[in-house]
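**Student:** Next comes the structure file input.csv, holding CSV, C-alpha atoms.
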```csv
chain,number,residue,atom,x,y,z
A,1,MET,CA,-21.7,-135.6,-226.6
A,2,LYS,CA,-21.0,-135.3,-222.9
A,3,ALA,CA,-22.5,-137.8,-220.4
A,4,LEU,CA,-24.8,-136.1,-217.9
A,5,HIS,CA,-26.0,-137.5,-214.5
A,6,ARG,CA,-27.6,-140.7,-215.9
A,7,PRO,CA,-26.5,-143.0,-218.6
A,8,ASP,CA,-29.3,-142.2,-221.0
A,9,LEU,CA,-28.9,-138.5,-221.0
A,10,PHE,CA,-26.2,-136.6,-223.0
A,11,GLY,CA,-25.6,-133.0,-223.7
A,12,TRP,CA,-23.6,-130.9,-226.1
A,13,SER,CA,-22.7,-127.2,-225.9
A,14,SER,CA,-21.5,-124.1,-227.6
A,15,PHE,CA,-20.0,-121.1,-225.8
A,16,ASP,CA,-22.0,-117.9,-226.3
A,17,ALA,CA,-19.5,-114.9,-226.2
A,18,ALA,CA,-22.3,-112.3,-225.8
A,19,ARG,CA,-23.4,-113.8,-222.4
A,20,ASN,CA,-20.2,-115.7,-221.4
A,21,VAL,CA,-22.2,-118.9,-220.8
A,22,ASP,CA,-22.5,-122.2,-222.6
A,23,PHE,CA,-25.8,-123.0,-224.5
A,24,HIS,CA,-26.8,-126.7,-224.2
A,25,GLY,CA,-28.7,-129.2,-226.3
A,26,LEU,CA,-30.0,-132.4,-224.6
A,27,ALA,CA,-30.4,-135.9,-225.9
A,28,TRP,CA,-32.5,-138.5,-224.1
A,29,ILE,CA,-31.6,-142.0,-225.4
A,30,ARG,CA,-34.6,-144.3,-225.3
A,31,PRO,CA,-35.2,-147.8,-226.9
A,32,GLU,CA,-38.5,-146.5,-228.3
A,33,GLY,CA,-36.8,-143.5,-230.0
A,34,ASN,CA,-34.5,-140.7,-228.8
A,35,VAL,CA,-35.6,-137.2,-227.9
A,36,LEU,CA,-33.6,-134.0,-228.3
A,37,VAL,CA,-34.4,-130.7,-226.6
A,38,ASP,CA,-33.4,-127.3,-227.9
A,39,PRO,CA,-30.6,-128.8,-230.0
A,40,MET,CA,-27.6,-126.6,-230.6
A,41,PRO,CA,-25.9,-127.0,-234.0
A,42,MET,CA,-24.0,-130.3,-233.9
A,43,GLY,CA,-20.5,-131.0,-235.3
A,44,SER,CA,-20.0,-134.3,-237.1
A,45,HIS,CA,-18.4,-135.9,-234.1
A,46,ASP,CA,-21.4,-135.4,-231.9
A,47,LEU,CA,-23.8,-136.2,-234.7
A,48,ALA,CA,-22.0,-139.5,-235.4
A,49,HIS,CA,-22.2,-140.2,-231.6
A,50,LEU,CA,-26.0,-139.5,-231.7
A,51,VAL,CA,-26.5,-141.7,-234.8
A,52,ALA,CA,-24.6,-144.5,-233.1
A,53,LEU,CA,-27.1,-144.2,-230.2
A,54,GLY,CA,-30.1,-144.4,-232.5
A,55,GLY,CA,-30.5,-140.9,-234.1
A,56,ALA,CA,-33.6,-139.0,-233.0
A,57,GLU,CA,-37.4,-139.5,-233.3
A,58,HIS,CA,-38.4,-136.2,-231.6
A,59,VAL,CA,-37.0,-132.7,-231.3
A,60,ILE,CA,-38.7,-130.5,-228.6
A,61,VAL,CA,-38.2,-126.8,-228.9
A,62,THR,CA,-39.1,-125.0,-225.6
A,63,ASN,CA,-39.6,-121.6,-227.1
A,64,SER,CA,-39.1,-119.6,-230.4
A,65,ASP,CA,-35.7,-118.3,-229.3
A,66,HIS,CA,-34.4,-121.9,-228.9
A,67,VAL,CA,-35.1,-123.2,-232.4
A,68,ARG,CA,-31.4,-123.6,-233.0
A,69,ALA,CA,-30.6,-126.5,-235.3
A,70,ALA,CA,-34.0,-128.2,-235.0
A,71,ALA,CA,-34.9,-127.9,-238.7
A,72,ASP,CA,-31.5,-129.1,-239.8
A,73,LEU,CA,-31.7,-132.1,-237.5
A,74,ARG,CA,-35.2,-132.9,-238.8
A,75,ARG,CA,-33.7,-133.0,-242.3
A,76,ILE,CA,-30.7,-135.1,-241.3
A,77,LEU,CA,-32.4,-137.5,-238.9
A,78,GLY,CA,-36.1,-137.5,-239.9
A,79,ALA,CA,-37.2,-136.3,-236.4
A,80,ARG,CA,-40.7,-134.9,-235.6
A,81,ILE,CA,-40.6,-131.4,-234.1
A,82,HIS,CA,-42.7,-130.4,-231.1
A,83,GLY,CA,-43.2,-126.7,-230.3
A,84,PRO,CA,-45.0,-124.8,-227.5
A,85,ALA,CA,-48.7,-124.6,-228.2
A,86,ALA,CA,-49.0,-121.0,-227.1
A,87,GLU,CA,-46.6,-120.0,-229.9
A,88,ARG,CA,-48.5,-121.9,-232.6
A,89,ASP,CA,-49.2,-118.7,-234.6
A,90,GLY,CA,-46.0,-117.4,-236.0
A,91,PHE,CA,-43.5,-120.0,-234.8
A,92,PRO,CA,-40.3,-119.6,-236.8
A,93,ILE,CA,-40.3,-123.2,-238.1
A,94,ALA,CA,-42.9,-125.7,-239.0
A,95,CYS,CA,-43.8,-128.1,-236.1
A,96,ASP,CA,-45.4,-131.5,-236.3
A,97,GLU,CA,-46.8,-131.3,-232.8
A,98,TRP,CA,-47.7,-128.6,-230.4
A,99,LEU,CA,-47.3,-129.1,-226.6
A,100,ALA,CA,-49.5,-127.6,-224.0
A,101,ASP,CA,-49.3,-127.9,-220.2
A,102,GLY,CA,-49.5,-131.5,-219.1
A,103,ASP,CA,-48.9,-133.1,-222.5
A,104,GLU,CA,-46.6,-136.1,-222.6
A,105,PRO,CA,-44.7,-136.1,-225.9
A,106,VAL,CA,-43.3,-139.5,-225.0
A,107,PRO,CA,-44.0,-141.7,-221.9
A,108,GLY,CA,-42.0,-140.4,-218.9
A,109,MET,CA,-41.7,-136.9,-220.2
A,110,VAL,CA,-44.3,-134.2,-219.1
A,111,ALA,CA,-44.4,-130.7,-220.6
A,112,LEU,CA,-45.0,-127.8,-218.3
A,113,ALA,CA,-46.1,-124.6,-219.9
A,114,LEU,CA,-44.7,-121.6,-218.0
A,115,ASP,CA,-46.2,-118.1,-217.9
A,116,GLY,CA,-44.6,-114.7,-217.8
A,117,SER,CA,-41.4,-115.6,-219.7
A,118,LYS,CA,-40.3,-113.7,-222.8
A,119,THR,CA,-42.4,-115.9,-225.0
A,120,PRO,CA,-45.9,-117.3,-224.2
A,121,GLY,CA,-46.1,-120.8,-222.9
A,122,GLU,CA,-42.4,-121.5,-222.7
A,123,LEU,CA,-42.0,-125.2,-222.1
A,124,ALA,CA,-40.1,-126.9,-219.2
A,125,LEU,CA,-39.9,-130.7,-219.4
A,126,LEU,CA,-39.9,-133.1,-216.6
A,127,ILE,CA,-38.2,-136.5,-217.2
A,128,ASP,CA,-39.2,-139.4,-214.9
A,129,GLY,CA,-40.2,-136.9,-212.2
A,130,HIS,CA,-36.6,-136.0,-211.2
A,131,THR,CA,-34.9,-134.3,-214.1
A,132,LEU,CA,-36.2,-130.9,-215.0
A,133,VAL,CA,-35.2,-129.4,-218.4
A,134,THR,CA,-35.6,-125.6,-218.7
A,135,GLY,CA,-35.4,-123.4,-221.7
A,136,ASP,CA,-34.9,-119.7,-220.9
A,137,LEU,CA,-36.8,-118.8,-217.8
A,138,VAL,CA,-34.6,-120.7,-215.4
A,139,ARG,CA,-30.9,-120.6,-216.1
A,140,ALA,CA,-27.5,-120.5,-214.4
A,141,HIS,CA,-24.9,-117.8,-215.5
A,142,GLN,CA,-23.0,-118.6,-212.3
A,143,GLY,CA,-21.9,-122.1,-211.2
A,144,GLY,CA,-24.1,-123.8,-208.6
A,145,ARG,CA,-26.8,-121.2,-208.5
A,146,LEU,CA,-30.0,-120.9,-210.6
A,147,MET,CA,-31.3,-117.6,-211.8
A,148,LEU,CA,-34.4,-116.2,-213.5
A,149,LEU,CA,-34.3,-114.5,-216.8
A,150,PRO,CA,-33.6,-110.8,-216.1
A,151,ASP,CA,-36.7,-108.7,-215.3
A,152,ALA,CA,-36.3,-106.6,-218.5
A,153,LYS,CA,-36.9,-109.7,-220.6
A,154,LEU,CA,-39.9,-111.0,-218.7
A,155,ALA,CA,-43.4,-110.4,-220.1
A,156,ASP,CA,-44.9,-110.6,-216.6
A,157,LYS,CA,-42.7,-110.9,-213.6
A,158,ALA,CA,-45.4,-112.0,-211.1
A,159,ALA,CA,-46.6,-114.7,-213.5
A,160,ALA,CA,-43.0,-115.9,-214.0
A,161,VAL,CA,-42.5,-116.1,-210.3
A,162,GLN,CA,-45.7,-118.1,-210.0
A,163,SER,CA,-44.4,-120.5,-212.6
A,164,LEU,CA,-41.1,-120.8,-210.8
A,165,ARG,CA,-43.0,-121.5,-207.6
A,166,ARG,CA,-44.7,-124.4,-209.4
A,167,LEU,CA,-41.3,-125.8,-210.4
A,168,ALA,CA,-40.0,-125.4,-206.9
A,169,GLU,CA,-42.9,-127.3,-205.6
A,170,LEU,CA,-42.0,-130.4,-207.6
A,171,PRO,CA,-40.8,-132.6,-204.8
A,172,ASP,CA,-38.2,-134.9,-206.4
A,173,ILE,CA,-36.0,-132.8,-208.6
A,174,ASP,CA,-32.4,-134.0,-208.6
A,175,ALA,CA,-31.2,-132.3,-211.8
A,176,VAL,CA,-32.1,-129.0,-213.4
A,177,LEU,CA,-30.7,-129.1,-216.9
A,178,VAL,CA,-30.8,-125.5,-218.1
A,179,GLY,CA,-30.6,-124.4,-221.7
A,180,ASP,CA,-28.3,-121.6,-220.9
A,181,GLY,CA,-25.5,-121.8,-218.3
A,182,TRP,CA,-24.2,-124.4,-215.8
A,183,PRO,CA,-26.4,-127.5,-215.3
A,184,VAL,CA,-27.3,-128.6,-211.8
A,185,PHE,CA,-26.9,-132.4,-211.4
A,186,ARG,CA,-27.7,-132.8,-207.7
A,187,ASP,CA,-30.2,-131.3,-205.2
A,188,GLY,CA,-32.1,-129.5,-207.9
A,189,HIS,CA,-35.2,-129.1,-205.6
A,190,ALA,CA,-33.1,-127.3,-203.1
A,191,ARG,CA,-31.6,-125.0,-205.8
A,192,LEU,CA,-35.1,-124.2,-207.1
A,193,ILE,CA,-36.3,-123.3,-203.6
A,194,GLU,CA,-33.2,-121.1,-203.1
A,195,LEU,CA,-34.0,-119.3,-206.3
A,196,LEU,CA,-37.6,-118.8,-205.4
A,197,ALA,CA,-36.5,-117.3,-202.0
A,198,ALA,CA,-34.0,-115.0,-203.7
A,199,VAL,CA,-36.6,-113.8,-206.2
A,200,ALA,CA,-39.2,-113.3,-203.6
A,201,ASP,CA,-36.7,-111.4,-201.4
A,202,ARG,CA,-35.8,-109.1,-204.3
A,203,GLY,CA,-39.5,-108.6,-205.0
A,204,THR,CA,-40.1,-107.5,-201.4
A,205,ALA,CA,-37.0,-105.3,-201.3
A,206,GLY,CA,-38.0,-103.6,-204.5
B,1,MET,CA,-14.8,-116.8,-219.8
B,2,LYS,CA,-17.6,-118.3,-217.8
B,3,ALA,CA,-18.4,-117.3,-214.3
B,4,LEU,CA,-17.9,-120.0,-211.7
B,5,HIS,CA,-19.3,-120.2,-208.1
B,6,ARG,CA,-17.7,-117.0,-206.8
B,7,PRO,CA,-17.2,-113.7,-208.6
B,8,ASP,CA,-13.4,-113.9,-208.7
B,9,LEU,CA,-13.2,-117.3,-210.4
B,10,PHE,CA,-13.7,-117.9,-214.1
B,11,GLY,CA,-13.3,-120.9,-216.4
B,12,TRP,CA,-13.0,-121.6,-220.1
B,13,SER,CA,-13.3,-124.9,-221.9
B,14,SER,CA,-12.7,-127.0,-225.0
B,15,PHE,CA,-14.6,-130.2,-225.8
B,16,ASP,CA,-12.3,-133.2,-226.1
B,17,ALA,CA,-13.8,-135.6,-228.7
B,18,ALA,CA,-11.6,-138.5,-227.7
B,19,ARG,CA,-13.1,-138.6,-224.2
B,20,ASN,CA,-16.4,-136.7,-224.7
B,21,VAL,CA,-15.7,-134.3,-221.9
B,22,ASP,CA,-14.8,-130.7,-221.6
B,23,PHE,CA,-11.3,-129.7,-220.6
B,24,HIS,CA,-11.2,-126.6,-218.4
B,25,GLY,CA,-8.8,-123.8,-217.7
B,26,LEU,CA,-9.2,-121.7,-214.5
B,27,ALA,CA,-8.6,-118.0,-213.8
B,28,TRP,CA,-8.5,-116.6,-210.3
B,29,ILE,CA,-8.8,-112.8,-210.4
B,30,ARG,CA,-6.9,-111.1,-207.6
B,31,PRO,CA,-6.0,-107.5,-207.0
B,32,GLU,CA,-2.4,-108.6,-206.4
B,33,GLY,CA,-2.2,-110.4,-209.8
B,34,ASN,CA,-4.3,-113.1,-211.4
B,35,VAL,CA,-3.5,-116.8,-211.4
B,36,LEU,CA,-4.3,-119.3,-214.2
B,37,VAL,CA,-4.4,-123.0,-213.7
B,38,ASP,CA,-3.9,-125.6,-216.5
B,39,PRO,CA,-4.9,-123.0,-219.2
B,40,MET,CA,-6.5,-124.4,-222.3
B,41,PRO,CA,-5.8,-122.5,-225.5
B,42,MET,CA,-7.8,-119.2,-225.4
B,43,GLY,CA,-9.7,-117.6,-228.2
B,44,SER,CA,-9.4,-113.8,-228.6
B,45,HIS,CA,-12.8,-113.2,-226.9
B,46,ASP,CA,-11.7,-115.0,-223.7
B,47,LEU,CA,-8.2,-113.5,-223.9
B,48,ALA,CA,-9.6,-110.0,-224.1
B,49,HIS,CA,-11.9,-110.8,-221.2
B,50,LEU,CA,-8.9,-111.9,-219.2
B,51,VAL,CA,-6.8,-108.8,-220.2
B,52,ALA,CA,-9.8,-106.6,-219.1
B,53,LEU,CA,-9.6,-108.3,-215.7
B,54,GLY,CA,-5.9,-107.7,-215.4
B,55,GLY,CA,-4.1,-110.4,-217.4
B,56,ALA,CA,-2.2,-113.0,-215.5
B,57,GLU,CA,0.9,-112.9,-213.2
B,58,HIS,CA,1.0,-116.7,-212.6
B,59,VAL,CA,0.3,-119.8,-214.5
B,60,ILE,CA,0.2,-123.1,-212.5
B,61,VAL,CA,0.5,-126.3,-214.4
B,62,THR,CA,-0.6,-129.3,-212.3
B,63,ASN,CA,1.2,-132.0,-214.3
B,64,SER,CA,3.2,-132.4,-217.6
B,65,ASP,CA,0.1,-133.5,-219.5
B,66,HIS,CA,-1.7,-130.2,-218.7
B,67,VAL,CA,0.9,-127.8,-220.1
B,68,ARG,CA,-1.7,-126.8,-222.7
B,69,ALA,CA,-1.3,-123.1,-223.6
B,70,ALA,CA,1.0,-122.2,-220.7
B,71,ALA,CA,4.0,-121.2,-222.8
B,72,ASP,CA,1.8,-119.1,-225.2
B,73,LEU,CA,0.2,-117.3,-222.3
B,74,ARG,CA,3.6,-116.5,-220.8
B,75,ARG,CA,4.6,-115.0,-224.1
B,76,ILE,CA,1.3,-113.0,-224.4
B,77,LEU,CA,0.8,-111.9,-220.8
B,78,GLY,CA,4.3,-112.1,-219.2
B,79,ALA,CA,3.1,-114.6,-216.5
B,80,ARG,CA,5.5,-116.7,-214.5
B,81,ILE,CA,5.0,-120.5,-214.8
B,82,HIS,CA,4.9,-122.8,-211.8
B,83,GLY,CA,5.2,-126.6,-212.3
B,84,PRO,CA,5.2,-129.6,-210.0
B,85,ALA,CA,8.5,-130.0,-208.2
B,86,ALA,CA,8.5,-133.8,-208.7
B,87,GLU,CA,8.6,-133.3,-212.5
B,88,ARG,CA,11.4,-130.8,-212.4
B,89,ASP,CA,13.6,-133.1,-214.5
B,90,GLY,CA,12.3,-133.4,-218.0
B,91,PHE,CA,9.2,-131.1,-217.7
B,92,PRO,CA,8.1,-130.2,-221.3
B,93,ILE,CA,8.4,-126.4,-220.8
B,94,ALA,CA,10.6,-124.1,-218.8
B,95,CYS,CA,9.2,-123.2,-215.4
B,96,ASP,CA,10.0,-120.2,-213.2
B,97,GLU,CA,9.0,-121.9,-210.0
B,98,TRP,CA,8.5,-125.5,-208.8
B,99,LEU,CA,5.8,-126.3,-206.3
B,100,ALA,CA,6.1,-129.0,-203.7
B,101,ASP,CA,3.5,-130.1,-201.1
B,102,GLY,CA,2.4,-127.3,-198.9
B,103,ASP,CA,3.9,-124.5,-201.0
B,104,GLU,CA,1.8,-121.3,-201.4
B,105,PRO,CA,2.4,-119.9,-204.8
B,106,VAL,CA,0.2,-116.9,-203.8
B,107,PRO,CA,-1.5,-116.1,-200.5
B,108,GLY,CA,-4.7,-118.1,-200.1
B,109,MET,CA,-3.6,-120.9,-202.5
B,110,VAL,CA,-1.9,-124.1,-201.2
B,111,ALA,CA,-0.4,-126.7,-203.4
B,112,LEU,CA,-1.0,-130.3,-202.5
B,113,ALA,CA,1.3,-132.9,-204.2
B,114,LEU,CA,-0.6,-136.1,-204.9
B,115,ASP,CA,1.0,-139.6,-205.2
B,116,GLY,CA,0.3,-142.5,-207.4
B,117,SER,CA,-1.2,-140.5,-210.4
B,118,LYS,CA,0.1,-140.9,-213.9
B,119,THR,CA,2.8,-138.3,-213.2
B,120,PRO,CA,4.8,-137.9,-210.0
B,121,GLY,CA,3.7,-135.2,-207.6
B,122,GLU,CA,0.7,-134.1,-209.6
B,123,LEU,CA,-0.6,-130.9,-208.0
B,124,ALA,CA,-4.0,-130.1,-206.6
B,125,LEU,CA,-4.7,-126.5,-205.4
B,126,LEU,CA,-6.7,-125.4,-202.5
B,127,ILE,CA,-8.1,-121.9,-202.7
B,128,ASP,CA,-9.2,-120.2,-199.5
B,129,GLY,CA,-9.8,-123.6,-197.9
B,130,HIS,CA,-13.0,-124.3,-199.8
B,131,THR,CA,-12.3,-124.6,-203.5
B,132,LEU,CA,-10.3,-127.6,-204.7
B,133,VAL,CA,-8.7,-127.5,-208.1
B,134,THR,CA,-7.7,-130.9,-209.5
B,135,GLY,CA,-5.6,-131.7,-212.6
B,136,ASP,CA,-6.0,-135.3,-213.7
B,137,LEU,CA,-6.3,-137.7,-210.7
B,138,VAL,CA,-9.8,-136.5,-209.7
B,139,ARG,CA,-12.2,-135.8,-212.6
B,140,ALA,CA,-15.9,-136.1,-213.6
B,141,HIS,CA,-16.8,-137.7,-216.9
B,142,GLN,CA,-20.4,-137.9,-215.6
B,143,GLY,CA,-22.4,-135.0,-214.3
B,144,GLY,CA,-22.6,-134.7,-210.5
B,145,ARG,CA,-20.2,-137.5,-209.7
B,146,LEU,CA,-16.4,-137.5,-209.3
B,147,MET,CA,-14.2,-140.3,-210.5
B,148,LEU,CA,-10.6,-141.3,-210.2
B,149,LEU,CA,-8.3,-141.5,-213.2
B,150,PRO,CA,-8.7,-145.1,-214.6
B,151,ASP,CA,-6.6,-147.8,-213.0
B,152,ALA,CA,-4.6,-148.4,-216.1
B,153,LYS,CA,-3.3,-144.9,-216.0
B,154,LEU,CA,-2.3,-144.8,-212.3
B,155,ALA,CA,1.3,-145.3,-211.4
B,156,ASP,CA,0.3,-146.7,-208.0
B,157,LYS,CA,-3.4,-147.2,-207.2
B,158,ALA,CA,-2.9,-147.6,-203.4
B,159,ALA,CA,-0.9,-144.4,-203.2
B,160,ALA,CA,-3.5,-142.6,-205.4
B,161,VAL,CA,-6.3,-143.7,-203.1
B,162,GLN,CA,-4.3,-142.5,-200.1
B,163,SER,CA,-4.0,-139.1,-201.8
B,164,LEU,CA,-7.7,-139.1,-202.5
B,165,ARG,CA,-8.3,-139.8,-198.9
B,166,ARG,CA,-6.3,-136.8,-198.0
B,167,LEU,CA,-8.5,-134.6,-200.2
B,168,ALA,CA,-11.7,-136.2,-198.8
B,169,GLU,CA,-10.5,-135.3,-195.3
B,170,LEU,CA,-10.3,-131.6,-196.1
B,171,PRO,CA,-13.4,-130.5,-194.1
B,172,ASP,CA,-14.6,-127.4,-195.9
B,173,ILE,CA,-14.6,-128.1,-199.6
B,174,ASP,CA,-17.6,-126.6,-201.5
B,175,ALA,CA,-16.3,-126.7,-205.0
B,176,VAL,CA,-14.2,-129.3,-206.9
B,177,LEU,CA,-13.0,-127.7,-210.1
B,178,VAL,CA,-11.7,-130.6,-212.2
B,179,GLY,CA,-9.5,-130.1,-215.2
B,180,ASP,CA,-11.4,-132.7,-217.1
B,181,GLY,CA,-15.2,-133.1,-217.0
B,182,TRP,CA,-18.0,-131.5,-215.1
B,183,PRO,CA,-17.2,-129.1,-212.3
B,184,VAL,CA,-18.8,-129.6,-208.8
B,185,PHE,CA,-19.9,-126.2,-207.4
B,186,ARG,CA,-21.6,-127.3,-204.2
B,187,ASP,CA,-21.1,-130.0,-201.5
B,188,GLY,CA,-17.6,-130.9,-202.8
B,189,HIS,CA,-16.7,-132.5,-199.5
B,190,ALA,CA,-19.6,-134.9,-199.8
B,191,ARG,CA,-18.7,-135.8,-203.4
B,192,LEU,CA,-15.1,-136.5,-202.4
B,193,ILE,CA,-16.3,-138.8,-199.6
B,194,GLU,CA,-18.6,-140.6,-202.0
B,195,LEU,CA,-15.8,-141.1,-204.5
B,196,LEU,CA,-13.5,-142.4,-201.8
B,197,ALA,CA,-16.2,-144.9,-200.7
B,198,ALA,CA,-16.8,-146.0,-204.3
B,199,VAL,CA,-13.1,-146.6,-204.9
B,200,ALA,CA,-12.6,-148.4,-201.6
B,201,ASP,CA,-15.7,-150.6,-202.4
B,202,ARG,CA,-14.2,-151.5,-205.8
B,203,GLY,CA,-10.9,-152.2,-204.2
B,204,THR,CA,-12.5,-154.6,-201.7
B,205,ALA,CA,-14.7,-156.3,-204.4
B,206,GLY,CA,-11.6,-156.9,-206.6
```
Please render this file's structure as structure tokens.
**Tutor:**
Amino acid sequence: MKALHRPDLFGWSSFDAARNVDFHGLAWIRPEGNVLVDPMPMGSHDLAHLVALGGAEHVIVTNSDHVRAAADLRRILGARIHGPAAERDGFPIACDEWLADGDEPVPGMVALALDGSKTPGELALLIDGHTLVTGDLVRAHQGGRLMLLPDAKLADKAAAVQSLRRLAELPDIDAVLVGDGWPVFRDGHARLIELLAAVADRGTAG
Amino acid sequence: MKALHRPDLFGWSSFDAARNVDFHGLAWIRPEGNVLVDPMPMGSHDLAHLVALGGAEHVIVTNSDHVRAAADLRRILGARIHGPAAERDGFPIACDEWLADGDEPVPGMVALALDGSKTPGELALLIDGHTLVTGDLVRAHQGGRLMLLPDAKLADKAAAVQSLRRLAELPDIDAVLVGDGWPVFRDGHARLIELLAAVADRGTAG
């Protein structure tokens, strides 16, 4: 796994040829039990790395399109799976816990349920107040610039922009670790504000 | 290939399990002929993408440890290979051109020859004054933070720091596209100054 912006956070990636972006899984290494988010399939090298760092207690899936290797990793590592509460009916895999807005799956991590994305209640996760982990709604197909999921995929654009506004109002975001595309490691708050301004501009122009 | 911070720049990557970082190749798409830098082996998807964008006229290899797929891509695409002039004797592949400090392999791209790295005259490349492409000396094993090649690999630490100082004095750097590790897409100048300060601190402390 690749080191991210702090020593307890790691990522691993697969290139998606359909979109020409990398998809990322995240591992948060904690003495009380590690947490994975939207885990991509892992090769044996990364899996051995993760096991050496303590395996995983929790796997959080932000939305039903990001199930990825969650069930396999539960089988291998014995982790508990947390899914978005708004998708409880019909989620593609069995979950042990369901996360709603404001829930804290582990201390230091807060779930934010987003509206208007392609699935109901898509989760974003805030770690220690300064690292924001996003699933699908906020992404980065270009380096150094966040983007919103394309309009055609949004269930409700106005609600999605309102959820983005909420993320942009979090004051202390350094990093925005997107599930799809280039991560932002510094000045995440400024990048979210830029994105909100760009989306609002387009909204006005359209 | 993945879109970088401007629409004419693309990258493709392979994960290196020995160092737990991604290695990157770069493609600069130009109407007058595309330029590749330190090209990693390409799968057929990325190669087809590159061919659709015009193939490649030039392949620049920053140092003898970054030859990677250069000779294969010459064979496939008919590109000319440029290597670092200071490694002219004994370079592992045949080159068509040799680049010394200040040379411009194509308009808008300036070669900077660095001292003190693990190979003589390792090249960095400055594109349009604001995108710096580095080979081995400047890298990023952690997200959001540049680092210097470890001391044990440097031929001459003082000379390497002097070369870094030269890069940090380039006033308009937005992006630092490293060969090894996480690219920096914004505020590259500030990240280079941070790195210089960190290296100078360690030098004083030791």
**Student:** With a cut-off of 7 Å and counting only C-alpha atoms, select all residues of chain B in contact with chain A and give the selection as an MDAnalysis selection string.
**Tutor:** chainID B and resid 1:5 20:21 45 141:144 185:186
**Student:** Skipping near chain neighbours, those fewer than 5 positions away, what residues fall within 10 Å of stretch 26-39 of chain A using all atoms listed in the file, listed as JSON, numbers by chain?
**Tutor:** {"A": [1, 2, 3, 4, 6, 7, 8, 9, 10, 11, 12, 13, 50, 53, 54, 55, 56, 57, 58, 59, 60, 61, 62, 63, 64, 65, 66, 67, 68, 69, 70, 71, 72, 73, 79, 80, 81, 82, 105, 106, 107, 109, 125, 127, 133, 134, 135, 177, 178, 179]}
**Student:** Could you save the residues just selected, with C-alpha atoms, as a short mmCIF file (atom, residue, chain, number, x, y, z; two decimals), keeping the file's coordinate frame?
**Tutor:**
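After the write, part-v9.cif holds the following:
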```
data_model
loop_
_atom_site.label_atom_id
_atom_site.label_comp_id
_atom_site.auth_asym_id
_atom_site.auth_seq_id
_atom_site.Cartn_x
_atom_site.Cartn_y
_atom_site.Cartn_z
CA MET A 1 -21.70 -135.60 -226.60
CA LYS A 2 -21.00 -135.30 -222.90
CA ALA A 3 -22.50 -137.80 -220.40
CA LEU A 4 -24.80 -136.10 -217.90
CA ARG A 6 -27.60 -140.70 -215.90
CA PRO A 7 -26.50 -143.00 -218.60
CA ASP A 8 -29.30 -142.20 -221.00
CA LEU A 9 -28.90 -138.50 -221.00
CA PHE A 10 -26.20 -136.60 -223.00
CA GLY A 11 -25.60 -133.00 -223.70
CA TRP A 12 -23.60 -130.90 -226.10
CA SER A 13 -22.70 -127.20 -225.90
CA LEU A 50 -26.00 -139.50 -231.70
CA LEU A 53 -27.10 -144.20 -230.20
CA GLY A 54 -30.10 -144.40 -232.50
CA GLY A 55 -30.50 -140.90 -234.10
CA ALA A 56 -33.60 -139.00 -233.00
CA GLU A 57 -37.40 -139.50 -233.30
CA HIS A 58 -38.40 -136.20 -231.60
CA VAL A 59 -37.00 -132.70 -231.30
CA ILE A 60 -38.70 -130.50 -228.60
CA VAL A 61 -38.20 -126.80 -228.90
CA THR A 62 -39.10 -125.00 -225.60
CA ASN A 63 -39.60 -121.60 -227.10
CA SER A 64 -39.10 -119.60 -230.40
CA ASP A 65 -35.70 -118.30 -229.30
CA HIS A 66 -34.40 -121.90 -228.90
CA VAL A 67 -35.10 -123.20 -232.40
CA ARG A 68 -31.40 -123.60 -233.00
CA ALA A 69 -30.60 -126.50 -235.30
CA ALA A 70 -34.00 -128.20 -235.00
CA ALA A 71 -34.90 -127.90 -238.70
CA ASP A 72 -31.50 -129.10 -239.80
CA LEU A 73 -31.70 -132.10 -237.50
CA ALA A 79 -37.20 -136.30 -236.40
CA ARG A 80 -40.70 -134.90 -235.60
CA ILE A 81 -40.60 -131.40 -234.10
CA HIS A 82 -42.70 -130.40 -231.10
CA PRO A 105 -44.70 -136.10 -225.90
CA VAL A 106 -43.30 -139.50 -225.00
CA PRO A 107 -44.00 -141.70 -221.90
CA MET A 109 -41.70 -136.90 -220.20
CA LEU A 125 -39.90 -130.70 -219.40
CA ILE A 127 -38.20 -136.50 -217.20
CA VAL A 133 -35.20 -129.40 -218.40
CA THR A 134 -35.60 -125.60 -218.70
CA GLY A 135 -35.40 -123.40 -221.70
CA LEU A 177 -30.70 -129.10 -216.90
CA VAL A 178 -30.80 -125.50 -218.10
CA GLY A 179 -30.60 -124.40 -221.70
#
```
**Student:** What does the distance from atom CA of A:Ile193 to atom CA of A:Pro171 come to in Å, to one decimal?
**Tutor:**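 Atom CA of A:Pro171 lies at a distance of 10.4 Å from atom CA of A:Ile193.
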**Student:** Between atom CA of A:Trp98 and atom CA of A:Ala159, measure the distance and give it in Å to one decimal.
**Tutor:**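 So the two atoms, atom CA of A:Trp98 and atom CA of A:Ala159, lie 21.9 Å apart.
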**Student:** Need the shell around B:Val161: protein/DNA/RNA residues with any atom at most 9 Å away, counting only C-alpha atoms. Skip same-chain ones fewer than 5 positions apart. Format as a PDB file with C-alpha atoms, in the frame of the given file?
**Tutor:**
```pdb
ATOM      1  CA  ASP B 115       1.000-139.600-205.200  1.00  0.00           C
ATOM      2  CA  GLY B 116       0.300-142.500-207.400  1.00  0.00           C
ATOM      3  CA  LEU B 148     -10.600-141.300-210.200  1.00  0.00           C
ATOM      4  CA  ASP B 156       0.300-146.700-208.000  1.00  0.00           C
ATOM      5  CA  ARG B 166      -6.300-136.800-198.000  1.00  0.00           C
ATOM      6  CA  LEU B 196     -13.500-142.400-201.800  1.00  0.00           C
ATOM      7  CA  VAL B 199     -13.100-146.600-204.900  1.00  0.00           C
ATOM      8  CA  ALA B 200     -12.600-148.400-201.600  1.00  0.00           C
TER       9      ALA B 200
END
```
